[in-house]
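Chemist: My file is protein-v3.tsv. It has TSV, C-alpha atoms and all ligand atoms:
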chain	number	residue	atom	x	y	z
L	1	MET	CA	33.85	157.12	-32.14
L	2	LYS	CA	35.94	160.00	-30.78
L	3	GLU	CA	34.68	163.39	-31.98
L	4	LYS	CA	37.01	165.25	-34.35
L	5	LYS	CA	38.35	168.51	-32.92
L	6	GLN	CA	40.44	171.29	-34.44
L	7	ARG	CA	42.59	173.98	-32.85
L	8	LEU	CA	41.01	177.38	-33.50
L	9	PHE	CA	41.95	180.98	-32.82
L	10	PHE	CA	40.86	184.48	-33.77
L	11	ALA	CA	43.64	186.65	-35.16
L	12	LEU	CA	44.67	189.72	-37.11
L	13	SER	CA	46.74	189.09	-40.23
L	14	PRO	CA	49.02	191.94	-41.29
L	15	ASN	CA	48.85	193.10	-44.92
L	16	ARG	CA	51.53	191.06	-46.68
L	17	SER	CA	52.00	193.40	-49.61
L	18	SER	CA	53.53	196.25	-47.62
L	19	GLU	CA	57.12	197.28	-46.98
L	20	ASP	CA	56.34	197.12	-43.29
L	21	PHE	CA	55.54	193.43	-43.73
L	22	GLN	CA	58.88	192.88	-45.47
L	23	ARG	CA	60.60	194.48	-42.46
L	24	LEU	CA	58.54	192.26	-40.14
L	25	ALA	CA	59.48	189.09	-42.08
L	26	ARG	CA	63.17	190.12	-42.06
L	27	LEU	CA	63.03	190.76	-38.32
L	28	SER	CA	61.47	187.35	-37.68
L	29	SER	CA	64.11	185.68	-39.81
L	30	GLN	CA	66.89	187.55	-37.90
L	31	CYS	CA	65.37	186.39	-34.61
L	32	GLY	CA	65.71	182.80	-35.88
L	33	GLN	CA	69.38	182.91	-34.85
L	34	PHE	CA	68.21	182.63	-31.21
L	35	GLY	CA	65.76	179.76	-31.76
L	36	ARG	CA	63.29	178.98	-34.54
L	37	SER	CA	61.82	181.83	-36.57
L	38	VAL	CA	58.08	181.80	-37.27
L	39	ALA	CA	57.29	181.12	-40.96
L	40	THR	CA	56.44	184.33	-42.83
L	41	ASP	CA	52.97	182.99	-43.70
L	42	ASN	CA	52.24	182.41	-40.01
L	43	LEU	CA	53.01	185.90	-38.65
L	44	HIS	CA	49.86	187.17	-36.90
L	45	ILE	CA	48.40	188.73	-33.77
L	46	THR	CA	46.24	186.32	-31.79
L	47	LEU	CA	43.02	187.96	-30.55
L	48	ALA	CA	41.58	184.97	-28.70
L	49	PHE	CA	42.77	181.38	-28.48
L	50	LEU	CA	39.86	178.91	-28.53
L	51	GLY	CA	41.73	175.62	-28.10
L	52	MET	CA	40.41	172.30	-29.43
L	53	VAL	CA	36.91	172.82	-30.80
L	54	THR	CA	34.30	170.43	-32.27
L	55	ASP	CA	32.68	171.18	-35.63
L	56	GLU	CA	29.47	172.02	-33.79
L	57	GLN	CA	31.25	174.49	-31.49
L	58	ALA	CA	33.08	175.98	-34.49
L	59	ALA	CA	29.73	176.56	-36.22
L	60	SER	CA	28.39	178.40	-33.16
L	61	VAL	CA	31.59	180.51	-32.97
L	62	VAL	CA	31.20	181.46	-36.65
L	63	ALA	CA	27.51	182.33	-36.14
L	64	ALA	CA	28.37	184.49	-33.12
L	65	ALA	CA	31.21	186.24	-35.01
L	66	GLU	CA	28.73	187.14	-37.78
L	67	GLN	CA	26.64	188.99	-35.19
L	68	LEU	CA	29.50	190.80	-33.44
L	69	ALA	CA	29.33	194.59	-33.30
L	70	ALA	CA	33.09	194.89	-33.84
L	71	PRO	CA	34.95	198.12	-33.05
L	72	ARG	CA	36.17	200.35	-35.84
L	73	ALA	CA	39.26	199.69	-37.97
L	74	PHE	CA	42.54	200.77	-36.36
L	75	SER	CA	46.24	201.24	-36.97
L	76	LEU	CA	48.90	199.62	-34.87
L	77	LYS	CA	52.45	200.77	-34.28
L	78	LEU	CA	54.56	197.72	-33.39
L	79	ASP	CA	57.41	199.38	-31.57
L	80	THR	CA	58.55	197.04	-28.79
L	81	LEU	CA	60.64	193.87	-29.07
L	82	GLY	CA	60.86	191.52	-26.12
L	83	TYR	CA	61.39	188.01	-24.79
L	84	TRP	CA	59.18	185.84	-22.58
L	85	LYS	CA	61.09	183.30	-20.57
L	86	ARG	CA	58.00	181.20	-19.74
L	87	SER	CA	56.96	180.55	-23.35
L	88	LYS	CA	60.54	180.97	-24.73
L	89	VAL	CA	59.46	183.34	-27.50
L	90	ILE	CA	60.68	186.62	-28.95
L	91	TRP	CA	57.76	188.93	-29.67
L	92	LEU	CA	56.94	192.26	-31.26
L	93	ALA	CA	54.20	194.33	-29.67
L	94	PRO	CA	52.63	197.78	-29.55
L	95	GLU	CA	53.76	199.79	-26.53
L	96	HIS	CA	50.37	201.51	-26.62
L	97	PRO	CA	47.69	199.18	-28.02
L	98	PRO	CA	44.65	201.11	-29.31
L	99	GLN	CA	41.43	200.75	-27.34
L	100	ALA	CA	39.70	199.22	-30.41
L	101	LEU	CA	42.14	196.29	-30.36
L	102	LEU	CA	41.64	195.65	-26.64
L	103	THR	CA	37.86	195.91	-27.04
L	104	LEU	CA	37.88	193.45	-29.97
L	105	ALA	CA	39.96	190.92	-28.00
L	106	GLN	CA	37.62	191.27	-25.01
L	107	GLN	CA	34.53	190.81	-27.23
L	108	LEU	CA	36.00	187.63	-28.76
L	109	LYS	CA	36.91	186.27	-25.34
L	110	SER	CA	33.29	186.82	-24.20
L	111	LEU	CA	32.04	185.25	-27.44
L	112	ALA	CA	34.19	182.15	-26.77
L	113	ILE	CA	32.86	181.87	-23.21
L	114	GLU	CA	29.27	182.20	-24.48
L	115	CYS	CA	30.03	179.33	-26.89
L	116	GLY	CA	31.11	177.20	-23.91
L	117	LEU	CA	34.87	177.46	-24.50
L	118	ASP	CA	37.32	177.99	-21.65
L	119	GLN	CA	39.34	181.20	-21.67
L	120	GLU	CA	42.51	182.15	-19.83
L	121	SER	CA	42.09	184.65	-17.01
L	122	ARG	CA	45.48	186.36	-17.53
L	123	PRO	CA	45.40	189.80	-19.14
L	124	TYR	CA	45.54	190.04	-22.92
L	125	LYS	CA	48.90	191.16	-24.32
L	126	PRO	CA	48.69	191.75	-28.07
L	127	HIS	CA	51.88	190.61	-29.84
L	128	ILE	CA	53.34	188.91	-32.88
L	129	THR	CA	55.50	185.90	-32.02
L	130	LEU	CA	58.65	186.19	-34.14
L	131	ALA	CA	60.72	183.25	-32.90
L	132	LYS	CA	60.01	180.22	-30.73
L	133	SER	CA	62.15	177.78	-28.71
L	134	VAL	CA	64.46	180.60	-27.63
L	135	ALA	CA	66.23	178.99	-24.68
L	136	ARG	CA	67.53	182.18	-23.03
L	137	ARG	CA	67.04	185.93	-23.21
L	138	PRO	CA	69.17	187.23	-26.12
L	139	GLU	CA	71.80	189.75	-25.01
L	140	GLN	CA	70.94	191.96	-27.94
L	141	LEU	CA	67.88	191.84	-30.14
L	142	PRO	CA	68.05	192.97	-33.80
L	143	PRO	CA	67.42	196.66	-34.57
L	144	LEU	CA	63.77	197.55	-35.05
L	145	GLY	CA	62.57	199.70	-37.97
L	146	LYS	CA	59.12	201.18	-38.54
L	147	ILE	CA	56.48	198.44	-38.53
L	148	ASP	CA	52.93	199.82	-38.65
L	149	PHE	CA	49.80	198.07	-39.90
L	150	HIS	CA	46.22	199.06	-40.49
L	151	PHE	CA	43.61	196.42	-39.71
L	152	ASN	CA	40.08	196.49	-41.11
L	153	HIS	CA	39.26	192.78	-40.72
L	154	PHE	CA	39.71	190.02	-38.21
L	155	GLY	CA	39.73	186.30	-38.95
L	156	LEU	CA	39.08	182.88	-37.47
L	157	TYR	CA	41.81	180.33	-38.17
L	158	ILE	CA	42.45	176.62	-37.81
L	159	SER	CA	45.96	175.70	-36.68
L	160	LYS	CA	46.73	172.47	-38.50
L	161	PRO	CA	49.83	170.39	-37.71
L	162	VAL	CA	51.90	169.71	-40.83
L	163	SER	CA	55.11	167.87	-41.49
L	164	HIS	CA	57.57	169.41	-43.95
L	165	ASN	CA	60.84	167.67	-44.85
L	166	GLY	CA	60.48	165.60	-41.69
L	167	ARG	CA	59.99	168.70	-39.50
L	168	GLN	CA	56.81	169.36	-37.59
L	169	GLY	CA	55.15	172.70	-38.17
L	170	VAL	CA	51.74	174.34	-38.37
L	171	GLN	CA	49.67	175.73	-41.19
L	172	TYR	CA	46.96	178.29	-40.54
L	173	ILE	CA	43.74	177.96	-42.54
L	174	GLN	CA	41.24	180.82	-42.57
L	175	LEU	CA	37.76	179.67	-41.58
L	176	GLY	CA	36.11	183.09	-41.62
L	177	LYS	CA	36.87	186.79	-42.03
L	178	TRP	CA	34.80	189.74	-40.79
L	179	PRO	CA	35.10	193.49	-41.25
L	180	LEU	CA	35.75	195.85	-38.37
L	181	GLY	CA	32.95	198.35	-37.87
L	182	ASN	CA	32.85	201.91	-39.10
L	183	THR	CA	31.08	203.57	-36.20
V	1	LIG	P1	51.04	183.29	-29.93
V	1	LIG	O1	49.83	184.13	-30.17
V	1	LIG	O2	51.86	183.74	-28.78
V	1	LIG	O3	51.88	183.13	-31.16
V	1	LIG	C1	47.66	179.38	-32.51
V	1	LIG	O4	48.14	178.35	-31.69
V	1	LIG	C2	47.96	180.73	-31.90
V	1	LIG	O5	47.29	180.89	-30.64
V	1	LIG	C3	49.43	180.97	-31.64
V	1	LIG	O6	49.72	182.19	-32.22
V	1	LIG	C4	49.58	181.02	-30.15
V	1	LIG	O7	50.52	181.83	-29.56
V	1	LIG	C5	48.19	181.39	-29.67
V	1	LIG	N1	47.94	180.81	-28.36
V	1	LIG	C6	47.52	181.48	-27.27
V	1	LIG	N2	47.35	180.65	-26.22
V	1	LIG	C7	47.70	179.41	-26.65
V	1	LIG	C8	47.78	178.13	-26.03
V	1	LIG	N3	47.42	177.95	-24.76
V	1	LIG	N4	48.19	177.09	-26.77
V	1	LIG	C9	48.54	177.25	-28.07
V	1	LIG	N5	48.49	178.43	-28.72
V	1	LIG	C10	48.08	179.51	-28.01
Give the structure from the file, written as structure tokens.
Ligand code: 2AM
Modeler:
Amino acid sequence: MKEKKQRLFFALSPNRSSEDFQRLARLSSQCGQFGRSVATDNLHITLAFLGMVTDEQAASVVAAAEQLAAPRAFSLKLDTLGYWKRSKVIWLAPEHPPQALLTLAQQLKSLAIECGLDQESRPYKPHITLAKSVARRPEQLPPLGKIDFHFNHFGLYISKPVSHNGRQGVQYIQLGKWPLGNT
């Protein structure tokens, strides 16, 4: 029998009960005019994409995450809106990502490799995807207000395909959550 696999990724989830999150959700919805906005529940910053993973591999990823000496909690100023032609997405990103974020992403990439999972060699660019299937670069993107978040945890998520009113989408299910360090 074919082994069951699930799509996994490490990510940061912004605090949903803040005004900054309301501005983020509004911005994503505005960007929907150019393509398909990302559902409010799905707004996140990917730290490391693990791809299709067996239950056994997932268990070793969870065990390794438990042992990680994660960097300290950090704040992130999301102050740059842009468009990637290759993936046809509109994104929001920090112009100056804090070192703790880059270190965490690098640690999780190494963790994935140690668990036998392939990792992309291109440099990590932290971002929140706001809209997908954007066929061409918008002439003008919506105005950007203050969107800052503080992160003191990171999580491991399953990306599960779902069908809603005949439309294909994804639902993210949290598999684990770990605190950032305080050193
Ligand atoms: P994103 O970070 O640009 O939004 C779950 O699929 C998450 O992992 C998505 O947020 C997605 O893109 C990110 N991701 C990174 N590399 C991916 C890949 N090769 N295939 C699918 N998703 C990927």
Chemist: Using all atoms listed in the file, which protein or nucleic acid residues are at most 10 Å from ligand LIG 1 (chain V), as an MDAnalysis selection string?
Modeler: chainID L and resid 7:11 38 42:52 84 87:91 119:120 124:132 157:160 170:172
Chemist: Give me a file of those residues, with C-alpha atoms, as a PDB file, in the frame of the given file.
Modeler:
ATOM      1  CA  ARG L   7      42.590 173.980 -32.850  1.00  0.00           C
ATOM      2  CA  LEU L   8      41.010 177.380 -33.500  1.00  0.00           C
ATOM      3  CA  PHE L   9      41.950 180.980 -32.820  1.00  0.00           C
ATOM      4  CA  PHE L  10      40.860 184.480 -33.770  1.00  0.00           C
ATOM      5  CA  ALA L  11      43.640 186.650 -35.160  1.00  0.00           C
ATOM      6  CA  VAL L  38      58.080 181.800 -37.270  1.00  0.00           C
ATOM      7  CA  ASN L  42      52.240 182.410 -40.010  1.00  0.00           C
ATOM      8  CA  LEU L  43      53.010 185.900 -38.650  1.00  0.00           C
ATOM      9  CA  HIS L  44      49.860 187.170 -36.900  1.00  0.00           C
ATOM     10  CA  ILE L  45      48.400 188.730 -33.770  1.00  0.00           C
ATOM     11  CA  THR L  46      46.240 186.320 -31.790  1.00  0.00           C
ATOM     12  CA  LEU L  47      43.020 187.960 -30.550  1.00  0.00           C
ATOM     13  CA  ALA L  48      41.580 184.970 -28.700  1.00  0.00           C
ATOM     14  CA  PHE L  49      42.770 181.380 -28.480  1.00  0.00           C
ATOM     15  CA  LEU L  50      39.860 178.910 -28.530  1.00  0.00           C
ATOM     16  CA  GLY L  51      41.730 175.620 -28.100  1.00  0.00           C
ATOM     17  CA  MET L  52      40.410 172.300 -29.430  1.00  0.00           C
ATOM     18  CA  TRP L  84      59.180 185.840 -22.580  1.00  0.00           C
ATOM     19  CA  SER L  87      56.960 180.550 -23.350  1.00  0.00           C
ATOM     20  CA  LYS L  88      60.540 180.970 -24.730  1.00  0.00           C
ATOM     21  CA  VAL L  89      59.460 183.340 -27.500  1.00  0.00           C
ATOM     22  CA  ILE L  90      60.680 186.620 -28.950  1.00  0.00           C
ATOM     23  CA  TRP L  91      57.760 188.930 -29.670  1.00  0.00           C
ATOM     24  CA  GLN L 119      39.340 181.200 -21.670  1.00  0.00           C
ATOM     25  CA  GLU L 120      42.510 182.150 -19.830  1.00  0.00           C
ATOM     26  CA  TYR L 124      45.540 190.040 -22.920  1.00  0.00           C
ATOM     27  CA  LYS L 125      48.900 191.160 -24.320  1.00  0.00           C
ATOM     28  CA  PRO L 126      48.690 191.750 -28.070  1.00  0.00           C
ATOM     29  CA  HIS L 127      51.880 190.610 -29.840  1.00  0.00           C
ATOM     30  CA  ILE L 128      53.340 188.910 -32.880  1.00  0.00           C
ATOM     31  CA  THR L 129      55.500 185.900 -32.020  1.00  0.00           C
ATOM     32  CA  LEU L 130      58.650 186.190 -34.140  1.00  0.00           C
ATOM     33  CA  ALA L 131      60.720 183.250 -32.900  1.00  0.00           C
ATOM     34  CA  LYS L 132      60.010 180.220 -30.730  1.00  0.00           C
ATOM     35  CA  TYR L 157      41.810 180.330 -38.170  1.00  0.00           C
ATOM     36  CA  ILE L 158      42.450 176.620 -37.810  1.00  0.00           C
ATOM     37  CA  SER L 159      45.960 175.700 -36.680  1.00  0.00           C
ATOM     38  CA  LYS L 160      46.730 172.470 -38.500  1.00  0.00           C
ATOM     39  CA  VAL L 170      51.740 174.340 -38.370  1.00  0.00           C
ATOM     40  CA  GLN L 171      49.670 175.730 -41.190  1.00  0.00           C
ATOM     41  CA  TYR L 172      46.960 178.290 -40.540  1.00  0.00           C
TER      42      TYR L 172
END
Chemist: Select, from L:Phe21, L:Phe154, L:Phe74, L:Tyr83, the residue with the minimum atom-to-atom distance to Gln99 of chain L, counting only C-alpha atoms.
Modeler: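 For Gln99 of chain L, the nearest of the candidates is L:Phe74.
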Chemist: So, with all atoms listed in the file as the atoms that count, which of L:Glu19, L:Lys4, L:Ala65, L:Asp148 lies closest to Leu175 of chain L?
Modeler: L:Ala65
Chemist: Work out how far apart atom CA of Gln6 of chain L and atom CA of Thr54 of chain L are and give it in Å to one decimal.
Modeler: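 Pair atom CA of Gln6 of chain L / atom CA of Thr54 of chain L returns 6.6 Å.
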Chemist: Nearest to Gly181 of chain L among L:Pro71, L:Gly116, L:Pro98, L:Gly145, with distances taken over only C-alpha atoms: which residue is it?
Modeler: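 Of the candidates, the smallest distance to Gly181 of chain L is held by L:Pro71.
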Chemist: Work out how far apart atom CA of Pro179 of chain L and atom CA of Gly155 of chain L are and give it in Å to one decimal.
Modeler: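 So the answer is 8.9 Å.
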Chemist: Between atom CA of Leu141 of chain L and atom CA of Gln30 of chain L, what is the distance in Å, rounded to a tenth?
Modeler: 8.9 Å
